[in-house]
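Quick look at run_8.tsv (TSV, C-alpha atoms):
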```tsv
chain	number	residue	atom	x	y	z
A	1492	MET	CA	49.65	3.91	-2.46
A	1493	GLU	CA	50.46	5.70	-5.70
A	1494	ILE	CA	48.14	8.43	-6.84
A	1495	GLU	CA	47.35	6.66	-10.14
A	1496	LYS	CA	46.30	3.47	-8.34
A	1497	TYR	CA	44.31	5.49	-5.87
A	1498	LEU	CA	42.43	7.28	-8.63
A	1499	GLU	CA	41.93	4.00	-10.49
A	1500	LYS	CA	40.33	2.54	-7.39
A	1501	ILE	CA	37.98	5.46	-6.95
A	1502	LYS	CA	37.19	5.37	-10.66
A	1503	ARG	CA	36.00	1.76	-10.38
A	1504	GLU	CA	33.65	2.79	-7.59
A	1505	TYR	CA	32.54	5.83	-9.53
A	1506	LEU	CA	31.66	3.79	-12.61
A	1507	LYS	CA	29.48	1.49	-10.53
A	1508	THR	CA	27.12	4.41	-9.97
A	1509	LYS	CA	23.94	3.89	-11.94
A	1510	PRO	CA	20.53	5.49	-12.01
A	1511	SER	CA	17.53	3.47	-10.78
A	1512	GLU	CA	16.43	0.61	-13.05
A	1513	GLY	CA	13.13	2.27	-13.80
A	1514	PHE	CA	14.91	5.40	-14.96
A	1515	GLU	CA	17.47	3.54	-17.04
A	1516	LYS	CA	14.80	1.68	-19.00
A	1517	GLY	CA	11.94	4.10	-19.38
A	1518	ALA	CA	13.63	7.48	-19.31
A	1519	TRP	CA	14.10	7.81	-23.06
A	1520	GLN	CA	10.48	6.94	-23.85
A	1521	LYS	CA	9.33	9.55	-21.40
A	1522	LEU	CA	11.81	12.10	-22.69
A	1523	ALA	CA	10.98	11.48	-26.37
A	1524	GLU	CA	7.35	12.35	-25.65
A	1525	GLU	CA	8.34	15.47	-23.77
A	1526	LEU	CA	10.91	16.79	-26.22
A	1527	PRO	CA	9.87	20.30	-27.19
A	1528	GLU	CA	10.22	21.91	-30.60
A	1529	GLN	CA	13.81	22.79	-31.40
A	1530	GLU	CA	14.73	26.44	-31.48
A	1531	ARG	CA	15.18	27.37	-35.11
A	1532	LYS	CA	15.46	31.09	-34.63
A	1533	MET	CA	18.45	32.55	-32.91
A	1534	PRO	CA	17.66	33.67	-29.35
A	1535	ILE	CA	17.32	37.46	-28.99
A	1536	SER	CA	20.20	37.59	-26.48
A	1537	PHE	CA	22.42	35.89	-29.05
A	1538	ILE	CA	21.40	38.38	-31.77
A	1539	VAL	CA	21.97	41.31	-29.39
A	1540	ARG	CA	25.37	39.96	-28.37
A	1541	ARG	CA	26.34	39.50	-31.99
A	1542	THR	CA	25.13	42.98	-32.95
A	1543	VAL	CA	27.02	44.59	-30.06
A	1544	LEU	CA	30.13	42.63	-30.96
A	1545	PHE	CA	29.80	43.68	-34.60
A	1546	ALA	CA	29.34	47.34	-33.60
A	1547	VAL	CA	32.39	47.22	-31.31
A	1548	ILE	CA	34.52	45.68	-34.07
A	1549	LEU	CA	33.25	48.25	-36.56
A	1550	ILE	CA	33.98	51.16	-34.21
A	1551	ALA	CA	37.45	49.75	-33.46
A	1552	PHE	CA	38.07	49.33	-37.18
A	1553	ILE	CA	36.98	52.89	-37.98
A	1554	ALA	CA	39.00	54.28	-35.05
A	1555	PHE	CA	42.06	52.37	-36.20
A	1556	GLY	CA	41.51	53.60	-39.78
A	1557	MET	CA	41.16	57.21	-38.62
A	1558	PHE	CA	44.23	56.92	-36.41
A	1559	THR	CA	46.27	55.50	-39.30
A	1560	LEU	CA	44.99	58.20	-41.65
A	1561	MET	CA	45.90	60.92	-39.12
A	1562	GLU	CA	49.36	59.43	-38.68
A	1563	ILE	CA	49.99	59.27	-42.43
A	1564	ALA	CA	48.56	62.76	-42.88
A	1565	GLN	CA	51.14	64.23	-40.46
A	1566	ALA	CA	53.79	63.91	-43.17
A	1567	SER	CA	51.71	65.64	-45.83
A	1568	LEU	CA	52.48	69.07	-47.29
A	1569	PRO	CA	50.24	71.88	-48.59
A	1570	GLY	CA	48.52	70.96	-51.83
A	1571	GLU	CA	48.56	67.24	-51.06
A	1572	PRO	CA	45.29	65.32	-50.67
A	1573	LEU	CA	45.84	64.47	-46.97
A	1574	TYR	CA	46.90	67.98	-45.96
A	1575	PRO	CA	43.35	69.04	-44.89
A	1576	VAL	CA	43.32	65.98	-42.58
A	1577	LYS	CA	46.56	67.18	-40.99
A	1578	ARG	CA	45.10	70.65	-40.41
A	1579	LEU	CA	41.90	69.16	-39.03
A	1580	TYR	CA	43.94	67.09	-36.59
A	1581	GLU	CA	45.82	70.22	-35.48
A	1582	ASN	CA	42.58	72.11	-34.92
A	1583	ILE	CA	41.39	69.32	-32.67
A	1584	ALA	CA	44.64	68.46	-30.90
A	1585	PHE	CA	46.20	71.89	-30.45
A	1586	THR	CA	43.42	74.06	-29.06
A	1587	LYS	CA	45.22	75.40	-25.98
A	1588	PRO	CA	46.96	78.79	-26.45
A	1589	SER	CA	50.20	77.19	-25.25
A	1590	THR	CA	50.17	74.84	-28.26
A	1591	LYS	CA	50.14	77.62	-30.87
A	1592	LYS	CA	53.93	77.45	-30.90
A	1593	ILE	CA	53.62	73.89	-32.24
A	1594	LYS	CA	51.59	75.14	-35.19
A	1595	VAL	CA	54.30	77.70	-35.98
A	1596	GLU	CA	56.95	74.97	-35.80
A	1597	ARG	CA	54.94	72.79	-38.14
A	1598	ARG	CA	54.28	75.56	-40.69
A	1599	GLY	CA	57.97	76.45	-40.69
A	1600	GLN	CA	58.93	72.82	-41.22
A	1601	GLU	CA	56.45	72.65	-44.10
A	1602	ILE	CA	58.20	75.56	-45.84
A	1603	ILE	CA	61.52	73.72	-45.54
A	1604	ASP	CA	59.99	70.47	-46.84
A	1605	VAL	CA	58.21	72.24	-49.73
A	1606	VAL	CA	61.49	73.85	-50.80
A	1607	LYS	CA	63.44	70.61	-50.45
A	1608	LYS	CA	60.87	68.67	-52.45
A	1609	LYS	CA	60.84	71.42	-55.07
A	1610	LYS	CA	57.09	71.85	-55.10
A	1611	GLU	CA	55.35	74.45	-57.27
A	1612	LYS	CA	55.86	78.12	-56.34
A	1613	ARG	CA	52.14	78.48	-55.66
A	1614	VAL	CA	52.40	75.81	-52.98
A	1615	LEU	CA	55.35	77.59	-51.38
A	1616	GLU	CA	53.45	80.87	-51.40
A	1617	ASP	CA	50.47	79.21	-49.71
A	1618	SER	CA	52.85	77.77	-47.14
A	1619	LEU	CA	54.32	81.20	-46.45
A	1620	LYS	CA	50.83	82.68	-45.97
A	1621	ASP	CA	49.97	79.92	-43.52
A	1622	TYR	CA	53.26	80.43	-41.73
A	1623	LYS	CA	52.63	84.14	-41.31
A	1624	LYS	CA	49.11	83.51	-40.10
A	1625	SER	CA	50.28	80.94	-37.58
A	1626	ILE	CA	52.82	83.42	-36.13
A	1627	GLU	CA	50.17	86.13	-35.89
A	1628	GLU	CA	47.88	83.71	-34.08
A	1629	ALA	CA	50.66	82.67	-31.76
A	1630	TRP	CA	51.40	86.25	-30.65
A	1631	LYS	CA	47.83	86.71	-29.48
A	1632	LYS	CA	47.25	86.33	-25.73
A	1633	THR	CA	50.65	84.88	-25.03
A	1634	SER	CA	52.34	84.76	-21.66
A	1635	GLU	CA	55.92	85.90	-21.23
A	1636	LYS	CA	57.18	82.35	-21.17
A	1637	GLU	CA	55.30	81.50	-24.36
A	1638	GLU	CA	56.64	84.62	-26.06
A	1639	GLU	CA	60.14	83.57	-25.16
A	1640	GLU	CA	59.54	80.09	-26.57
A	1641	LEU	CA	58.08	81.54	-29.74
A	1642	ARG	CA	61.09	83.78	-30.23
A	1643	GLU	CA	63.33	80.73	-29.89
A	1644	VAL	CA	61.29	78.93	-32.54
A	1645	LEU	CA	61.54	81.89	-34.90
A	1646	GLU	CA	65.29	82.16	-34.34
A	1647	ASP	CA	65.63	78.50	-35.18
A	1648	HIS	CA	63.54	78.95	-38.33
A	1649	GLU	CA	65.64	81.91	-39.37
A	1650	LYS	CA	68.78	79.78	-39.21
A	1651	ARG	CA	67.23	76.91	-41.07
A	1652	PHE	CA	65.70	79.15	-43.76
A	1653	ARG	CA	69.12	80.71	-44.40
A	1654	GLU	CA	70.57	77.22	-44.77
A	1655	ILE	CA	68.04	76.20	-47.39
A	1656	ILE	CA	68.50	79.42	-49.34
A	1657	GLU	CA	72.08	78.31	-49.96
A	1658	GLU	CA	70.96	74.85	-51.07
A	1659	ASN	CA	67.94	76.02	-53.15
A	1660	SER	CA	68.69	79.31	-54.81
A	1661	GLY	CA	65.55	78.94	-57.05
A	1662	SER	CA	63.28	79.58	-54.05
A	1663	LYS	CA	65.40	82.42	-52.70
A	1664	ASP	CA	62.75	85.13	-53.16
A	1665	GLN	CA	60.05	83.18	-51.35
A	1666	ILE	CA	62.29	82.22	-48.48
A	1667	GLU	CA	63.46	85.80	-48.17
A	1668	LYS	CA	59.82	86.69	-47.68
A	1669	ALA	CA	59.61	84.14	-44.91
A	1670	LEU	CA	62.67	85.65	-43.27
A	1671	GLU	CA	61.13	89.09	-43.60
A	1672	THR	CA	58.02	87.76	-41.90
A	1673	ILE	CA	60.09	86.43	-39.04
A	1674	ARG	CA	61.92	89.73	-38.69
A	1675	LEU	CA	58.69	91.74	-38.65
A	1676	GLU	CA	56.90	89.39	-36.31
A	1677	ARG	CA	59.81	89.38	-33.91
A	1678	GLU	CA	59.83	93.15	-33.96
A	1679	ASN	CA	56.10	93.17	-33.33
A	1680	GLY	CA	56.64	90.83	-30.45
A	1681	GLU	CA	59.26	93.10	-28.97
A	1682	VAL	CA	57.09	96.19	-29.42
A	1683	LYS	CA	54.24	94.33	-27.83
A	1684	GLY	CA	56.44	93.29	-24.95
A	1685	GLU	CA	57.59	96.88	-24.37
A	1686	LYS	CA	54.04	98.19	-24.53
A	1687	ASP	CA	52.92	95.54	-22.10
A	1688	GLU	CA	55.57	96.66	-19.68
A	1689	GLU	CA	54.58	100.32	-20.03
A	1690	GLU	CA	50.91	99.55	-19.58
A	1691	ASP	CA	51.62	97.35	-16.64
A	1692	LYS	CA	53.43	100.26	-15.05
A	1693	SER	CA	50.64	102.78	-15.76
A	1694	GLY	CA	47.90	100.16	-15.14
A	1695	LYS	CA	46.09	101.12	-18.35
A	1696	GLY	CA	44.61	99.06	-21.17
A	1697	SER	CA	43.06	95.64	-21.36
A	1698	GLY	CA	44.61	92.53	-22.92
A	1699	GLU	CA	42.46	92.92	-26.01
A	1700	ASP	CA	43.54	96.54	-26.51
A	1701	ARG	CA	47.16	95.52	-26.28
A	1702	LYS	CA	46.66	92.80	-28.82
A	1703	ASP	CA	45.19	95.22	-31.38
A	1704	GLU	CA	47.86	97.84	-30.78
A	1705	GLY	CA	50.54	95.25	-31.26
A	1706	ARG	CA	49.30	94.60	-34.78
A	1707	GLU	CA	49.21	98.29	-35.90
A	1708	ASP	CA	52.60	98.38	-37.53
A	1709	GLU	CA	52.24	94.99	-39.11
A	1710	ILE	CA	53.14	94.98	-42.82
A	1711	ASN	CA	51.50	92.63	-45.21
A	1712	ILE	CA	54.31	91.39	-47.39
A	1713	PHE	CA	52.25	88.91	-49.40
B	286	MET	CA	33.98	12.73	-31.34
B	287	ASP	CA	33.92	9.81	-33.76
B	288	GLU	CA	32.28	9.99	-37.15
B	289	ASP	CA	29.21	7.97	-36.20
B	290	THR	CA	28.45	10.25	-33.28
B	291	PHE	CA	29.03	13.27	-35.51
B	292	LYS	CA	26.48	11.93	-38.01
B	293	LEU	CA	24.00	11.30	-35.19
B	294	VAL	CA	24.46	14.89	-34.04
B	295	GLN	CA	23.92	16.20	-37.56
B	296	ARG	CA	20.70	14.20	-37.89
B	297	ALA	CA	19.50	15.30	-34.46
B	298	GLN	CA	20.19	18.92	-35.38
B	299	LYS	CA	17.68	18.51	-38.19
B	300	GLY	CA	15.07	17.28	-35.70
B	301	ASP	CA	15.62	13.49	-35.94
B	302	LYS	CA	14.46	12.17	-32.55
B	303	GLU	CA	15.65	8.65	-33.28
B	304	ALA	CA	19.20	9.89	-33.74
B	305	TYR	CA	18.89	11.88	-30.55
B	306	GLY	CA	17.74	8.69	-28.80
B	307	GLU	CA	21.04	7.08	-29.79
B	308	ILE	CA	22.93	10.04	-28.38
B	309	TYR	CA	20.87	9.75	-25.22
B	310	LYS	CA	21.82	6.10	-24.83
B	311	LEU	CA	25.49	6.93	-25.27
B	312	TYR	CA	25.63	9.65	-22.64
B	313	GLN	CA	22.74	9.11	-20.22
B	314	LYS	CA	24.77	7.22	-17.61
B	315	LYS	CA	27.73	9.55	-17.84
B	316	ILE	CA	25.57	12.60	-17.27
B	317	TYR	CA	23.73	10.90	-14.45
B	318	ARG	CA	26.96	9.88	-12.68
B	319	PHE	CA	28.40	13.35	-13.00
B	320	SER	CA	25.21	15.00	-11.73
B	321	TYR	CA	24.94	12.52	-8.89
B	322	TYR	CA	28.41	13.26	-7.57
B	323	MET	CA	27.75	16.94	-7.73
B	324	ILE	CA	24.49	16.92	-5.79
B	325	GLN	CA	24.46	13.56	-3.96
B	326	ASN	CA	20.80	12.86	-4.60
B	327	GLN	CA	19.58	10.15	-6.92
B	328	GLU	CA	16.20	11.52	-7.88
B	329	LEU	CA	17.51	15.01	-8.45
B	330	ALA	CA	20.40	13.62	-10.48
B	331	GLU	CA	17.85	11.82	-12.68
B	332	ASP	CA	15.87	15.04	-13.09
B	333	ILE	CA	19.02	16.94	-14.00
B	334	THR	CA	19.92	14.23	-16.53
B	335	GLN	CA	16.52	14.57	-18.21
B	336	ASN	CA	16.64	18.34	-18.16
B	337	THR	CA	20.14	18.29	-19.62
B	338	PHE	CA	18.91	16.35	-22.64
B	339	ILE	CA	15.82	18.56	-23.02
B	340	LYS	CA	17.93	21.72	-22.96
B	341	ALA	CA	20.51	20.25	-25.31
B	342	TRP	CA	17.79	19.18	-27.77
B	343	ARG	CA	16.20	22.60	-27.81
B	344	ALA	CA	19.45	24.40	-28.60
B	345	LEU	CA	20.94	21.64	-30.75
B	346	PRO	CA	20.44	23.47	-34.10
B	347	PHE	CA	22.98	26.05	-32.85
B	348	PHE	CA	25.49	23.48	-31.66
B	349	SER	CA	28.85	23.84	-33.40
B	350	LEU	CA	32.02	21.84	-32.97
B	351	ASN	CA	34.19	24.96	-33.04
B	352	LYS	CA	32.22	26.80	-30.40
B	353	ASN	CA	30.97	24.02	-28.13
B	354	GLY	CA	33.55	21.29	-28.63
B	355	THR	CA	32.29	17.70	-28.71
B	356	ILE	CA	28.69	16.76	-28.01
B	357	GLN	CA	29.96	15.13	-24.81
B	358	ALA	CA	31.51	18.42	-23.61
B	359	TYR	CA	28.31	20.23	-24.65
B	360	LEU	CA	26.12	17.89	-22.57
B	361	PHE	CA	28.42	17.99	-19.55
B	362	LYS	CA	28.47	21.76	-19.67
B	363	ILE	CA	24.68	21.91	-19.59
B	364	ALA	CA	24.60	19.35	-16.74
B	365	ARG	CA	27.19	21.33	-14.82
B	366	ASN	CA	25.18	24.54	-15.17
B	367	LEU	CA	22.03	22.78	-14.01
B	368	THR	CA	23.76	21.34	-10.94
B	369	ILE	CA	25.13	24.79	-10.10
B	370	ASP	CA	21.60	26.23	-10.44
B	371	TYR	CA	20.29	23.48	-8.23
B	372	GLN	CA	22.96	24.03	-5.57
B	373	ARG	CA	22.12	27.71	-5.51
B	374	LYS	CA	18.47	26.92	-4.98
B	375	ARG	CA	19.21	24.22	-2.40
B	376	LYS	CA	20.53	26.84	-0.03
B	377	GLU	CA	17.03	28.28	0.07
B	378	VAL	CA	15.20	24.95	0.49
B	379	SER	CA	14.78	23.44	3.95
B	380	LEU	CA	16.00	19.96	4.87
B	381	GLU	CA	12.42	18.77	5.24
B	382	VAL	CA	11.66	19.39	1.60
B	383	ILE	CA	14.76	17.46	0.52
B	384	GLU	CA	13.71	14.49	2.65
B	385	ASP	CA	10.29	14.55	1.02
B	386	ILE	CA	11.72	14.06	-2.44
B	387	MET	CA	13.92	11.11	-1.50
B	388	PRO	CA	12.73	7.80	-3.10
B	389	SER	CA	10.54	5.80	-0.78
B	390	ASP	CA	9.63	2.72	-2.83
B	391	GLU	CA	13.14	1.21	-3.02
B	392	ASN	CA	14.53	-1.60	-0.97
B	393	LEU	CA	16.25	-0.04	2.02
B	394	GLU	CA	19.14	-2.52	1.94
B	395	GLU	CA	19.85	-1.72	-1.70
B	396	ILE	CA	19.88	1.95	-0.96
B	397	VAL	CA	22.25	1.49	1.95
B	398	ALA	CA	24.61	-0.75	-0.07
B	399	ARG	CA	24.72	1.70	-2.94
B	400	GLN	CA	25.22	4.63	-0.65
B	401	GLU	CA	28.19	2.90	0.99
B	402	GLU	CA	29.91	2.45	-2.37
B	403	GLN	CA	29.20	6.00	-3.36
B	404	GLU	CA	30.46	7.27	-0.05
B	405	ILE	CA	33.89	5.81	-0.78
B	406	VAL	CA	34.16	8.08	-3.81
B	407	ALA	CA	32.61	11.03	-2.04
B	408	ARG	CA	34.96	10.62	0.94
B	409	SER	CA	37.98	10.42	-1.33
B	410	LEU	CA	37.07	13.66	-3.03
B	411	LYS	CA	35.77	15.50	-0.01
B	412	THR	CA	38.95	17.51	0.46
B	413	LEU	CA	38.53	19.02	-3.00
B	414	ASP	CA	36.31	21.97	-3.74
B	415	GLU	CA	33.43	21.77	-6.18
B	416	GLU	CA	35.36	22.72	-9.31
B	417	GLU	CA	38.32	20.53	-8.41
B	418	ARG	CA	35.96	17.58	-7.98
B	419	GLN	CA	34.48	18.27	-11.40
B	420	ILE	CA	37.93	18.38	-13.01
B	421	VAL	CA	39.00	15.09	-11.38
B	422	VAL	CA	35.77	13.38	-12.37
B	423	LEU	CA	35.94	14.59	-15.96
B	424	ARG	CA	39.64	13.86	-16.43
B	425	TYR	CA	40.21	10.62	-14.53
B	426	PHE	CA	36.80	9.00	-14.33
B	427	GLU	CA	35.24	10.08	-17.62
B	428	ASP	CA	38.58	10.17	-19.50
B	429	MET	CA	37.88	13.49	-21.15
B	430	SER	CA	40.57	15.52	-22.93
B	431	TYR	CA	41.83	18.82	-21.56
B	432	GLU	CA	40.14	20.57	-24.46
B	433	GLU	CA	36.79	19.04	-23.57
B	434	ILE	CA	37.20	19.86	-19.88
B	435	SER	CA	38.06	23.45	-20.75
B	436	LYS	CA	34.77	23.71	-22.69
B	437	VAL	CA	32.79	22.25	-19.78
B	438	VAL	CA	34.38	24.33	-17.02
B	439	GLY	CA	34.81	27.47	-19.13
B	440	LYS	CA	38.55	27.91	-18.50
B	441	ASN	CA	41.45	27.57	-20.85
B	442	GLU	CA	43.40	24.36	-21.21
B	443	GLY	CA	46.51	25.75	-19.54
B	444	ALA	CA	44.56	26.74	-16.45
B	445	ILE	CA	43.01	23.25	-16.28
B	446	ARG	CA	46.45	21.60	-16.47
B	447	VAL	CA	47.81	23.80	-13.69
B	448	ARG	CA	44.74	23.17	-11.55
B	449	LEU	CA	44.96	19.44	-12.05
B	450	HIS	CA	48.61	19.46	-11.05
B	451	ARG	CA	47.67	21.15	-7.78
B	452	ILE	CA	44.79	18.75	-7.23
B	453	LEU	CA	47.07	15.74	-7.61
B	454	LYS	CA	49.49	17.24	-5.13
B	455	LYS	CA	46.64	17.72	-2.68
B	456	LEU	CA	45.40	14.18	-3.18
B	457	LYS	CA	48.91	12.79	-2.68
B	458	GLU	CA	48.96	14.44	0.72
B	459	GLU	CA	45.59	12.86	1.42
B	460	ILE	CA	46.87	9.40	0.49
B	461	LYS	CA	49.84	9.85	2.82
B	462	ASP	CA	47.47	10.56	5.70
B	463	TYR	CA	45.26	7.69	4.58
B	464	GLY	CA	48.30	5.32	4.53
B	465	ASN	CA	49.32	6.42	8.00
```
The structure given in the file should be rewritten as structure tokens.
Amino acid sequence: MEIEKYLEKIKREYLKTKPSEGFEKGAWQKLAEELPEQERKMPISFIVRRTVLFAVILIAFIAFGMFTLMEIAQASLPGEPLYPVKRLYENIAFTKPSTKKIKVERRGQEIIDVVKKKKEKRVLEDSLKDYKKSIEEAWKKTSEKEEEELREVLEDHEKRFREIIEENSGSKDQIEKALETIRLERENGEVKGEKDEEEDKSGKGSGEDRKDEGREDEINIF
Amino acid sequence: MDEDTFKLVQRAQKGDKEAYGEIYKLYQKKIYRFSYYMIQNQELAEDITQNTFIKAWRALPFFSLNKNGTIQAYLFKIARNLTIDYQRKRKEVSLEVIEDIMPSDENLEEIVARQEEQEIVARSLKTLDEEERQIVVLRYFEDMSYEEISKVVGKNEGAIRVRLHRILKKLKEEIKDYGN
């Protein structure tokens, strides 16, 4: 027997099923008398569900908006409206000492971008200040490995700064200052490294002491 | 859902009992049949039918075609939920209690004859599980669309199609055995 015929046969039997006669005739009358008032107000569970759903959508929307804003802000430069957002993001995302190198990389890149985009001199000077500050921060409490990485970053910056001097002679003075900063900071780093070694040998001095001593011969060029 | 039924639903949503009476007439037997094959008890199936229409009436102002599908799917969904509730409770009720609520004033021969007919259907579907039985009944006996069935069972149309394909395969095997 084919399945269609089989189902057709069962269907015929199924459709013969009826309620009792008494029910078929009088059920509506009985039901009509019993029908309660219709619910005109939304059930609380429905309102709660809707509110929760609305809140979730709102939170997702805000989170998406913030994420997009953060992403766009990453390309901003000093003096631009979204730059504070970029710095805020960095303060949240790069809190570990090992991530200070990233801040230095970013500040250095900003100097290059500011020069390339020919922004105002004031903006470039602010960028240089931030760059110097980020290097100073990065030298604090660094491990040997981190120091080595930082030196590599500074070497890379040095090369790139020299390249842009050739392309943008108008910003030569400012970029020279940046190069001077790199030179001094690298020297500081080396002095610090030597002192660390000496102190390690003699067993004197705490980490904090070393940090302060390392800054003694720092020259403020700005 | 045809336009006349849609108008009846709209009137009933505003509290028109007469319109709801028309809806009741259209779907009473269908809901009864469905409930009966889920719980195999006439009186309980009648109770479930009545309760289905009471529940549907109460929540009718919030009925929407987009959310609930057709009024038929809406009613079947309520009936299905009530039969599931009943089956859950039945596990806790003793056999004695069930015997007590069986109808006693009917002609015994009539009951036996009807039960024999119904057993043919029940036997044919006995190899299927509860949900499979519901899908077969809704699709092949009540001629409902996949969209309506998906609203009743709470699964997407694709899943219903796949399930039905498997059910038919299973039933084909059954028929083979039956033929042998």
Between B:Ser430, B:Gln335, B:Gln419, B:Ser349, which one has atoms that come closest to Glu1525 (chain A), using all atoms listed in the file? B:Gln335
Using only C-alpha atoms, select each residue of chain B with any atom at most 9 Å away from an atom of chain A, and give the selection as a VMD selection string. chain B and resid 298 to 300 302 to 303 305 to 306 309 to 310 313 to 315 317 to 318 321 to 322 327 to 328 330 to 331 335 338 to 339 342 to 347 399 402 to 403 405 to 406 409 421 to 422 425 to 427 453 456 to 457 460 to 461 464
Now that the selection is made, can you save its residues with C-alpha atoms as a short mmCIF file (atom, residue, chain, number, x, y, z; two decimals), in the coordinates of the input?
```
data_model
loop_
_atom_site.label_atom_id
_atom_site.label_comp_id
_atom_site.auth_asym_id
_atom_site.auth_seq_id
_atom_site.Cartn_x
_atom_site.Cartn_y
_atom_site.Cartn_z
CA GLN B 298 20.19 18.92 -35.38
CA LYS B 299 17.68 18.51 -38.19
CA GLY B 300 15.07 17.28 -35.70
CA LYS B 302 14.46 12.17 -32.55
CA GLU B 303 15.65 8.65 -33.28
CA TYR B 305 18.89 11.88 -30.55
CA GLY B 306 17.74 8.69 -28.80
CA TYR B 309 20.87 9.75 -25.22
CA LYS B 310 21.82 6.10 -24.83
CA GLN B 313 22.74 9.11 -20.22
CA LYS B 314 24.77 7.22 -17.61
CA LYS B 315 27.73 9.55 -17.84
CA TYR B 317 23.73 10.90 -14.45
CA ARG B 318 26.96 9.88 -12.68
CA TYR B 321 24.94 12.52 -8.89
CA TYR B 322 28.41 13.26 -7.57
CA GLN B 327 19.58 10.15 -6.92
CA GLU B 328 16.20 11.52 -7.88
CA ALA B 330 20.40 13.62 -10.48
CA GLU B 331 17.85 11.82 -12.68
CA GLN B 335 16.52 14.57 -18.21
CA PHE B 338 18.91 16.35 -22.64
CA ILE B 339 15.82 18.56 -23.02
CA TRP B 342 17.79 19.18 -27.77
CA ARG B 343 16.20 22.60 -27.81
CA ALA B 344 19.45 24.40 -28.60
CA LEU B 345 20.94 21.64 -30.75
CA PRO B 346 20.44 23.47 -34.10
CA PHE B 347 22.98 26.05 -32.85
CA ARG B 399 24.72 1.70 -2.94
CA GLU B 402 29.91 2.45 -2.37
CA GLN B 403 29.20 6.00 -3.36
CA ILE B 405 33.89 5.81 -0.78
CA VAL B 406 34.16 8.08 -3.81
CA SER B 409 37.98 10.42 -1.33
CA VAL B 421 39.00 15.09 -11.38
CA VAL B 422 35.77 13.38 -12.37
CA TYR B 425 40.21 10.62 -14.53
CA PHE B 426 36.80 9.00 -14.33
CA GLU B 427 35.24 10.08 -17.62
CA LEU B 453 47.07 15.74 -7.61
CA LEU B 456 45.40 14.18 -3.18
CA LYS B 457 48.91 12.79 -2.68
CA ILE B 460 46.87 9.40 0.49
CA LYS B 461 49.84 9.85 2.82
CA GLY B 464 48.30 5.32 4.53
#
```
Calculate how many Å separate CA of Glu1581 (chain A) from CA of Val1644 (chain A), rounding to one decimal. 18.0 Å
Closest of A:Leu1549, A:Ala1629, A:Ile1655, A:Val1543 to Lys1591 (chain A), counting only C-alpha atoms, is A:Ala1629
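Across the structure, CA of Ile324 (chain B) and CA of Thr290 (chain B) are spaced 28.6 Å apart.
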Within 9 Å of (37.3, 15.9, -20.0), only C-alpha atoms: residues as a PyMOL selection string? chain B and resi 357-358+420-437
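If all atoms listed in the file are the atoms counted, then among A:Leu1579, A:Leu1615, A:Ile1673, A:Ile1535 the closest residue to Glu1627 (chain A) is A:Ile1673.
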How far is it from CA of Leu329 (chain B) to CA of Gln372 (chain B), in Å with one decimal? 10.9 Å
